[in-house]
Structures are given as structure tokens and as C-alpha cells.
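This is target-v5.pdb. It holds PDB, N, CA and C atoms, pLDDT in the B column.
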```pdb
MODEL        1
ATOM      1  N   MET A  12      -1.831   0.057 -23.879  1.00 50.00           N
ATOM      2  CA  MET A  12      -3.056  -0.422 -23.262  1.00 50.00           C
ATOM      3  C   MET A  12      -4.149  -0.520 -24.313  1.00 50.00           C
ATOM      4  N   ASN A  13      -4.789  -1.619 -24.311  1.00 53.00           N
ATOM      5  CA  ASN A  13      -5.846  -1.861 -25.280  1.00 53.00           C
ATOM      6  C   ASN A  13      -7.178  -1.801 -24.544  1.00 53.00           C
ATOM      7  N   ASN A  14      -8.077  -0.910 -24.958  1.00 71.00           N
ATOM      8  CA  ASN A  14      -9.367  -0.745 -24.283  1.00 71.00           C
ATOM      9  C   ASN A  14     -10.274  -1.947 -24.461  1.00 71.00           C
ATOM     10  N   SER A  15      -9.983  -2.803 -25.440  1.00 83.00           N
ATOM     11  CA  SER A  15     -10.840  -3.963 -25.655  1.00 83.00           C
ATOM     12  C   SER A  15     -10.444  -5.136 -24.751  1.00 83.00           C
ATOM     13  N   GLU A  16      -9.419  -4.933 -23.926  1.00 85.00           N
ATOM     14  CA  GLU A  16      -8.991  -5.990 -22.999  1.00 85.00           C
ATOM     15  C   GLU A  16     -10.033  -6.197 -21.910  1.00 85.00           C
ATOM     16  N   SER A  17     -10.224  -7.435 -21.534  1.00 89.00           N
ATOM     17  CA  SER A  17     -11.107  -7.708 -20.404  1.00 89.00           C
ATOM     18  C   SER A  17     -10.327  -7.448 -19.117  1.00 89.00           C
ATOM     19  N   ARG A  18     -11.042  -7.410 -18.041  1.00 86.00           N
ATOM     20  CA  ARG A  18     -10.409  -7.182 -16.739  1.00 86.00           C
ATOM     21  C   ARG A  18      -9.369  -8.265 -16.436  1.00 86.00           C
ATOM     22  N   GLU A  19      -9.704  -9.502 -16.751  1.00 90.00           N
ATOM     23  CA  GLU A  19      -8.799 -10.623 -16.509  1.00 90.00           C
ATOM     24  C   GLU A  19      -7.533 -10.509 -17.363  1.00 90.00           C
ATOM     25  N   GLU A  20      -7.706 -10.074 -18.615  1.00 90.00           N
ATOM     26  CA  GLU A  20      -6.559  -9.901 -19.503  1.00 90.00           C
ATOM     27  C   GLU A  20      -5.623  -8.802 -18.997  1.00 90.00           C
ATOM     28  N   ARG A  21      -6.211  -7.703 -18.490  1.00 86.00           N
ATOM     29  CA  ARG A  21      -5.394  -6.616 -17.936  1.00 86.00           C
ATOM     30  C   ARG A  21      -4.610  -7.101 -16.722  1.00 86.00           C
ATOM     31  N   LYS A  22      -5.281  -7.869 -15.849  1.00 87.00           N
ATOM     32  CA  LYS A  22      -4.610  -8.413 -14.669  1.00 87.00           C
ATOM     33  C   LYS A  22      -3.449  -9.312 -15.077  1.00 87.00           C
ATOM     34  N   LYS A  23      -3.703 -10.163 -16.057  1.00 90.00           N
ATOM     35  CA  LYS A  23      -2.684 -11.094 -16.522  1.00 90.00           C
ATOM     36  C   LYS A  23      -1.491 -10.341 -17.117  1.00 90.00           C
ATOM     37  N   ARG A  24      -1.784  -9.303 -17.908  1.00 88.00           N
ATOM     38  CA  ARG A  24      -0.726  -8.502 -18.517  1.00 88.00           C
ATOM     39  C   ARG A  24       0.080  -7.782 -17.438  1.00 88.00           C
ATOM     40  N   PHE A  25      -0.606  -7.220 -16.440  1.00 87.00           N
ATOM     41  CA  PHE A  25       0.065  -6.505 -15.357  1.00 87.00           C
ATOM     42  C   PHE A  25       0.965  -7.445 -14.562  1.00 87.00           C
ATOM     43  N   LYS A  26       0.468  -8.645 -14.264  1.00 88.00           N
ATOM     44  CA  LYS A  26       1.262  -9.603 -13.504  1.00 88.00           C
ATOM     45  C   LYS A  26       2.464 -10.116 -14.282  1.00 88.00           C
ATOM     46  N   SER A  27       2.389 -10.064 -15.608  1.00 92.00           N
ATOM     47  CA  SER A  27       3.510 -10.534 -16.424  1.00 92.00           C
ATOM     48  C   SER A  27       4.637  -9.503 -16.503  1.00 92.00           C
ATOM     49  N   LEU A  28       4.358  -8.255 -16.092  1.00 90.00           N
ATOM     50  CA  LEU A  28       5.378  -7.208 -16.118  1.00 90.00           C
ATOM     51  C   LEU A  28       6.381  -7.408 -14.989  1.00 90.00           C
ATOM     52  N   SER A  29       7.593  -6.931 -15.205  1.00 92.00           N
ATOM     53  CA  SER A  29       8.583  -6.966 -14.126  1.00 92.00           C
ATOM     54  C   SER A  29       8.260  -5.845 -13.136  1.00 92.00           C
ATOM     55  N   SER A  30       8.885  -5.863 -11.987  1.00 89.00           N
ATOM     56  CA  SER A  30       8.650  -4.847 -10.969  1.00 89.00           C
ATOM     57  C   SER A  30       8.983  -3.457 -11.508  1.00 89.00           C
ATOM     58  N   ALA A  31      10.104  -3.345 -12.223  1.00 90.00           N
ATOM     59  CA  ALA A  31      10.500  -2.052 -12.785  1.00 90.00           C
ATOM     60  C   ALA A  31       9.484  -1.555 -13.807  1.00 90.00           C
ATOM     61  N   GLU A  32       8.970  -2.474 -14.628  1.00 91.00           N
ATOM     62  CA  GLU A  32       7.975  -2.107 -15.642  1.00 91.00           C
ATOM     63  C   GLU A  32       6.676  -1.649 -14.980  1.00 91.00           C
ATOM     64  N   ARG A  33       6.294  -2.311 -13.897  1.00 89.00           N
ATOM     65  CA  ARG A  33       5.078  -1.911 -13.167  1.00 89.00           C
ATOM     66  C   ARG A  33       5.231  -0.508 -12.602  1.00 89.00           C
ATOM     67  N   LYS A  34       6.409  -0.232 -12.022  1.00 88.00           N
ATOM     68  CA  LYS A  34       6.650   1.098 -11.446  1.00 88.00           C
ATOM     69  C   LYS A  34       6.547   2.175 -12.514  1.00 88.00           C
ATOM     70  N   ILE A  35       7.124   1.923 -13.684  1.00 90.00           N
ATOM     71  CA  ILE A  35       7.067   2.885 -14.785  1.00 90.00           C
ATOM     72  C   ILE A  35       5.619   3.113 -15.205  1.00 90.00           C
ATOM     73  N   LEU A  36       4.859   2.038 -15.338  1.00 88.00           N
ATOM     74  CA  LEU A  36       3.451   2.141 -15.732  1.00 88.00           C
ATOM     75  C   LEU A  36       2.651   2.948 -14.711  1.00 88.00           C
ATOM     76  N   ILE A  37       2.859   2.675 -13.443  1.00 86.00           N
ATOM     77  CA  ILE A  37       2.130   3.387 -12.389  1.00 86.00           C
ATOM     78  C   ILE A  37       2.494   4.869 -12.381  1.00 86.00           C
ATOM     79  N   LYS A  38       3.794   5.177 -12.558  1.00 88.00           N
ATOM     80  CA  LYS A  38       4.230   6.575 -12.594  1.00 88.00           C
ATOM     81  C   LYS A  38       3.620   7.313 -13.780  1.00 88.00           C
ATOM     82  N   LYS A  39       3.511   6.642 -14.929  1.00 88.00           N
ATOM     83  CA  LYS A  39       2.886   7.255 -16.105  1.00 88.00           C
ATOM     84  C   LYS A  39       1.416   7.556 -15.830  1.00 88.00           C
ATOM     85  N   LYS A  40       0.722   6.619 -15.187  1.00 85.00           N
ATOM     86  CA  LYS A  40      -0.696   6.830 -14.878  1.00 85.00           C
ATOM     87  C   LYS A  40      -0.879   7.973 -13.884  1.00 85.00           C
ATOM     88  N   LEU A  41       0.020   8.071 -12.905  1.00 83.00           N
ATOM     89  CA  LEU A  41      -0.034   9.187 -11.955  1.00 83.00           C
ATOM     90  C   LEU A  41       0.151  10.517 -12.678  1.00 83.00           C
ATOM     91  N   ALA A  42       1.125  10.555 -13.597  1.00 84.00           N
ATOM     92  CA  ALA A  42       1.397  11.784 -14.348  1.00 84.00           C
ATOM     93  C   ALA A  42       0.193  12.185 -15.195  1.00 84.00           C
ATOM     94  N   LEU A  43      -0.478  11.212 -15.791  1.00 85.00           N
ATOM     95  CA  LEU A  43      -1.670  11.506 -16.597  1.00 85.00           C
ATOM     96  C   LEU A  43      -2.779  12.132 -15.754  1.00 85.00           C
ATOM     97  N   GLN A  44      -2.811  11.783 -14.475  1.00 81.00           N
ATOM     98  CA  GLN A  44      -3.823  12.321 -13.569  1.00 81.00           C
ATOM     99  C   GLN A  44      -3.369  13.605 -12.899  1.00 81.00           C
ATOM    100  N   GLY A  45      -2.161  14.067 -13.258  1.00 81.00           N
ATOM    101  CA  GLY A  45      -1.650  15.308 -12.676  1.00 81.00           C
ATOM    102  C   GLY A  45      -1.058  15.124 -11.290  1.00 81.00           C
ATOM    103  N   LEU A  46      -0.751  13.892 -10.948  1.00 77.00           N
ATOM    104  CA  LEU A  46      -0.174  13.610  -9.634  1.00 77.00           C
ATOM    105  C   LEU A  46       1.303  13.304  -9.801  1.00 77.00           C
ATOM    106  N   ARG A  47       2.038  13.455  -8.716  1.00 74.00           N
ATOM    107  CA  ARG A  47       3.437  13.064  -8.735  1.00 74.00           C
ATOM    108  C   ARG A  47       3.720  12.214  -7.517  1.00 74.00           C
ATOM    109  N   GLU A  48       4.781  11.480  -7.599  1.00 74.00           N
ATOM    110  CA  GLU A  48       5.151  10.571  -6.523  1.00 74.00           C
ATOM    111  C   GLU A  48       5.344  11.352  -5.229  1.00 74.00           C
ATOM    112  N   GLY A  49       4.727  10.886  -4.148  1.00 69.00           N
ATOM    113  CA  GLY A  49       4.872  11.537  -2.848  1.00 69.00           C
ATOM    114  C   GLY A  49       3.967  12.739  -2.662  1.00 69.00           C
ATOM    115  N   SER A  50       2.978  12.931  -3.514  1.00 57.00           N
ATOM    116  CA  SER A  50       2.111  14.103  -3.392  1.00 57.00           C
ATOM    117  C   SER A  50       0.929  13.792  -2.487  1.00 57.00           C
ATOM    118  N   GLY A  51       1.216  13.536  -1.236  1.00 60.00           N
ATOM    119  CA  GLY A  51       0.165  13.241  -0.266  1.00 60.00           C
ATOM    120  C   GLY A  51      -0.121  14.451   0.600  1.00 60.00           C
ATOM    121  N   VAL A  52      -0.616  14.221   1.771  1.00 57.00           N
ATOM    122  CA  VAL A  52      -0.892  15.294   2.713  1.00 57.00           C
ATOM    123  C   VAL A  52       0.443  15.768   3.279  1.00 57.00           C
ATOM    124  N   ARG A  53       0.707  17.025   3.151  1.00 61.00           N
ATOM    125  CA  ARG A  53       1.988  17.559   3.595  1.00 61.00           C
ATOM    126  C   ARG A  53       1.975  17.866   5.092  1.00 61.00           C
ATOM    127  N   GLU A  54       3.144  17.754   5.674  1.00 61.00           N
ATOM    128  CA  GLU A  54       3.373  18.100   7.082  1.00 61.00           C
ATOM    129  C   GLU A  54       2.415  17.376   8.022  1.00 61.00           C
ATOM    130  N   LYS A  55       2.053  16.175   7.690  1.00 58.00           N
ATOM    131  CA  LYS A  55       1.181  15.384   8.554  1.00 58.00           C
ATOM    132  C   LYS A  55       1.720  13.966   8.590  1.00 58.00           C
ATOM    133  N   ASP A  56       1.758  13.405   9.772  1.00 61.00           N
ATOM    134  CA  ASP A  56       2.213  12.030   9.918  1.00 61.00           C
ATOM    135  C   ASP A  56       1.227  11.127   9.195  1.00 61.00           C
ATOM    136  N   GLN A  57       1.731  10.329   8.268  1.00 57.00           N
ATOM    137  CA  GLN A  57       0.866   9.469   7.478  1.00 57.00           C
ATOM    138  C   GLN A  57       0.386   8.254   8.259  1.00 57.00           C
ATOM    139  N   SER A  58       1.026   7.962   9.371  1.00 63.00           N
ATOM    140  CA  SER A  58       0.622   6.831  10.187  1.00 63.00           C
ATOM    141  C   SER A  58      -0.613   7.211  10.996  1.00 63.00           C
ATOM    142  N   SER A  59      -1.612   6.353  10.973  1.00 63.00           N
ATOM    143  CA  SER A  59      -2.818   6.660  11.738  1.00 63.00           C
ATOM    144  C   SER A  59      -2.669   6.279  13.205  1.00 63.00           C
ATOM    145  N   TYR A  60      -1.561   5.621  13.544  1.00 64.00           N
ATOM    146  CA  TYR A  60      -1.325   5.217  14.912  1.00 64.00           C
ATOM    147  C   TYR A  60       0.003   5.773  15.401  1.00 64.00           C
ATOM    148  N   ASP A  61       0.059   6.112  16.670  1.00 69.00           N
ATOM    149  CA  ASP A  61       1.302   6.551  17.289  1.00 69.00           C
ATOM    150  C   ASP A  61       2.180   5.317  17.474  1.00 69.00           C
ATOM    151  N   LYS A  62       3.358   5.315  16.895  1.00 77.00           N
ATOM    152  CA  LYS A  62       4.221   4.135  16.913  1.00 77.00           C
ATOM    153  C   LYS A  62       4.631   3.748  18.329  1.00 77.00           C
ATOM    154  N   GLU A  63       4.935   4.724  19.157  1.00 80.00           N
ATOM    155  CA  GLU A  63       5.316   4.426  20.546  1.00 80.00           C
ATOM    156  C   GLU A  63       4.159   3.759  21.287  1.00 80.00           C
ATOM    157  N   GLU A  64       2.965   4.257  21.055  1.00 78.00           N
ATOM    158  CA  GLU A  64       1.779   3.686  21.700  1.00 78.00           C
ATOM    159  C   GLU A  64       1.569   2.242  21.248  1.00 78.00           C
ATOM    160  N   MET A  65       1.765   1.988  19.960  1.00 78.00           N
ATOM    161  CA  MET A  65       1.593   0.629  19.440  1.00 78.00           C
ATOM    162  C   MET A  65       2.616  -0.328  20.058  1.00 78.00           C
ATOM    163  N   ILE A  66       3.855   0.104  20.169  1.00 82.00           N
ATOM    164  CA  ILE A  66       4.886  -0.739  20.777  1.00 82.00           C
ATOM    165  C   ILE A  66       4.525  -1.041  22.224  1.00 82.00           C
ATOM    166  N   ASP A  67       4.077  -0.032  22.956  1.00 83.00           N
ATOM    167  CA  ASP A  67       3.663  -0.235  24.352  1.00 83.00           C
ATOM    168  C   ASP A  67       2.521  -1.246  24.448  1.00 83.00           C
ATOM    169  N   LEU A  68       1.551  -1.155  23.540  1.00 80.00           N
ATOM    170  CA  LEU A  68       0.418  -2.089  23.558  1.00 80.00           C
ATOM    171  C   LEU A  68       0.862  -3.515  23.249  1.00 80.00           C
ATOM    172  N   ILE A  69       1.781  -3.653  22.309  1.00 81.00           N
ATOM    173  CA  ILE A  69       2.292  -4.990  21.974  1.00 81.00           C
ATOM    174  C   ILE A  69       3.014  -5.587  23.172  1.00 81.00           C
ATOM    175  N   LEU A  70       3.851  -4.803  23.811  1.00 83.00           N
ATOM    176  CA  LEU A  70       4.581  -5.294  24.987  1.00 83.00           C
ATOM    177  C   LEU A  70       3.624  -5.636  26.120  1.00 83.00           C
ATOM    178  N   LEU A  71       2.591  -4.842  26.282  1.00 82.00           N
ATOM    179  CA  LEU A  71       1.603  -5.089  27.332  1.00 82.00           C
ATOM    180  C   LEU A  71       0.836  -6.379  27.084  1.00 82.00           C
ATOM    181  N   THR A  72       0.439  -6.617  25.843  1.00 79.00           N
ATOM    182  CA  THR A  72      -0.336  -7.824  25.543  1.00 79.00           C
ATOM    183  C   THR A  72       0.488  -9.095  25.719  1.00 79.00           C
ATOM    184  N   ARG A  73       1.797  -8.991  25.643  1.00 77.00           N
ATOM    185  CA  ARG A  73       2.650 -10.159  25.866  1.00 77.00           C
ATOM    186  C   ARG A  73       2.596 -10.621  27.322  1.00 77.00           C
ATOM    187  N   CYS A  74       2.192  -9.732  28.195  1.00 78.00           N
ATOM    188  CA  CYS A  74       2.102 -10.075  29.618  1.00 78.00           C
ATOM    189  C   CYS A  74       0.882 -10.935  29.921  1.00 78.00           C
ATOM    190  N   PHE A  75      -0.144 -10.863  29.081  1.00 75.00           N
ATOM    191  CA  PHE A  75      -1.366 -11.611  29.321  1.00 75.00           C
ATOM    192  C   PHE A  75      -1.197 -13.070  28.889  1.00 75.00           C
ATOM    193  N   GLN A  76      -1.886 -13.940  29.586  1.00 64.00           N
ATOM    194  CA  GLN A  76      -1.855 -15.351  29.192  1.00 64.00           C
ATOM    195  C   GLN A  76      -2.901 -15.554  28.092  1.00 64.00           C
ATOM    196  N   LYS A  77      -2.526 -16.301  27.076  1.00 61.00           N
ATOM    197  CA  LYS A  77      -3.423 -16.498  25.933  1.00 61.00           C
ATOM    198  C   LYS A  77      -4.698 -17.242  26.323  1.00 61.00           C
ATOM    199  N   ASP A  78      -4.619 -18.197  27.208  1.00 59.00           N
ATOM    200  CA  ASP A  78      -5.780 -18.997  27.549  1.00 59.00           C
ATOM    201  C   ASP A  78      -6.871 -18.204  28.272  1.00 59.00           C
ATOM    202  N   LYS A  79      -6.555 -17.052  28.834  1.00 58.00           N
ATOM    203  CA  LYS A  79      -7.566 -16.236  29.497  1.00 58.00           C
ATOM    204  C   LYS A  79      -8.495 -15.544  28.521  1.00 58.00           C
ATOM    205  N   PHE A  80      -8.081 -15.418  27.257  1.00 55.00           N
ATOM    206  CA  PHE A  80      -8.866 -14.710  26.266  1.00 55.00           C
ATOM    207  C   PHE A  80      -9.640 -15.644  25.338  1.00 55.00           C
ATOM    208  N   GLN A  81      -9.537 -16.925  25.538  1.00 53.00           N
ATOM    209  CA  GLN A  81     -10.219 -17.864  24.643  1.00 53.00           C
ATOM    210  C   GLN A  81     -11.494 -18.376  25.245  1.00 53.00           C
TER     211      GLN A  81
ENDMDL
END
```

Would you write the structure of this file as C-alpha cells?
Amino acid sequence: MNNSESREERKKRFKSLSSAERKILIKKKLALQGLREGSGVREKDQSSYDKEEMIDLILLTRCFQKDKFQ
């Protein structure tokens, strides 16, 4: 990484990397910050929505006619 790179140059360089190269770069940056892969909130559902509730809402909205909401 060159500190004299502009933001656009960094973006261009990042986009030119392969998916595997990007993953390696991101993992290195996480390690430099003292983080490791999967180090999120433990024992807590990461989804902010209840999946069953979301499915029920989707099924319910299919019952409504679209023209009533426009």
C-alpha cells in the first residue's frame, strides 16, 4: 500500500484484485486492528429481524391487491 495513492487510485487497485486477493488483504487489515474473522457479538442473533415474522409478513402482503396501495 502506498500512502501517496489517491482515493481513486486505491479504489482502482482494489477492484483490480481477484476475490481471493481481496479476502487476504481484508484479513490482514483485520489482524492489524487486533480483530479476527467472526469476532462479532457472541451468543446473539445477528439478524435484526425475526425470520419467521418476516416470512409471515411477506406471505400476508401477497394477499393484498397492488392497486389499493397506489

Checklist entry - What does the distance from atom C of A:Ser15 to atom CA of A:Lys40 come to in Å, to one decimal? => result 18.3 Å

Item to check | Near-A:Arg47 list (8 Å; all atoms listed in the file; drop same-chain fewer than 5 positions) as a ChimeraX atom specification | outcome: /A:38,41-42

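In this structure, atom CA of A:Lys34 sits 20.5 Å away from atom C of A:Ser17.
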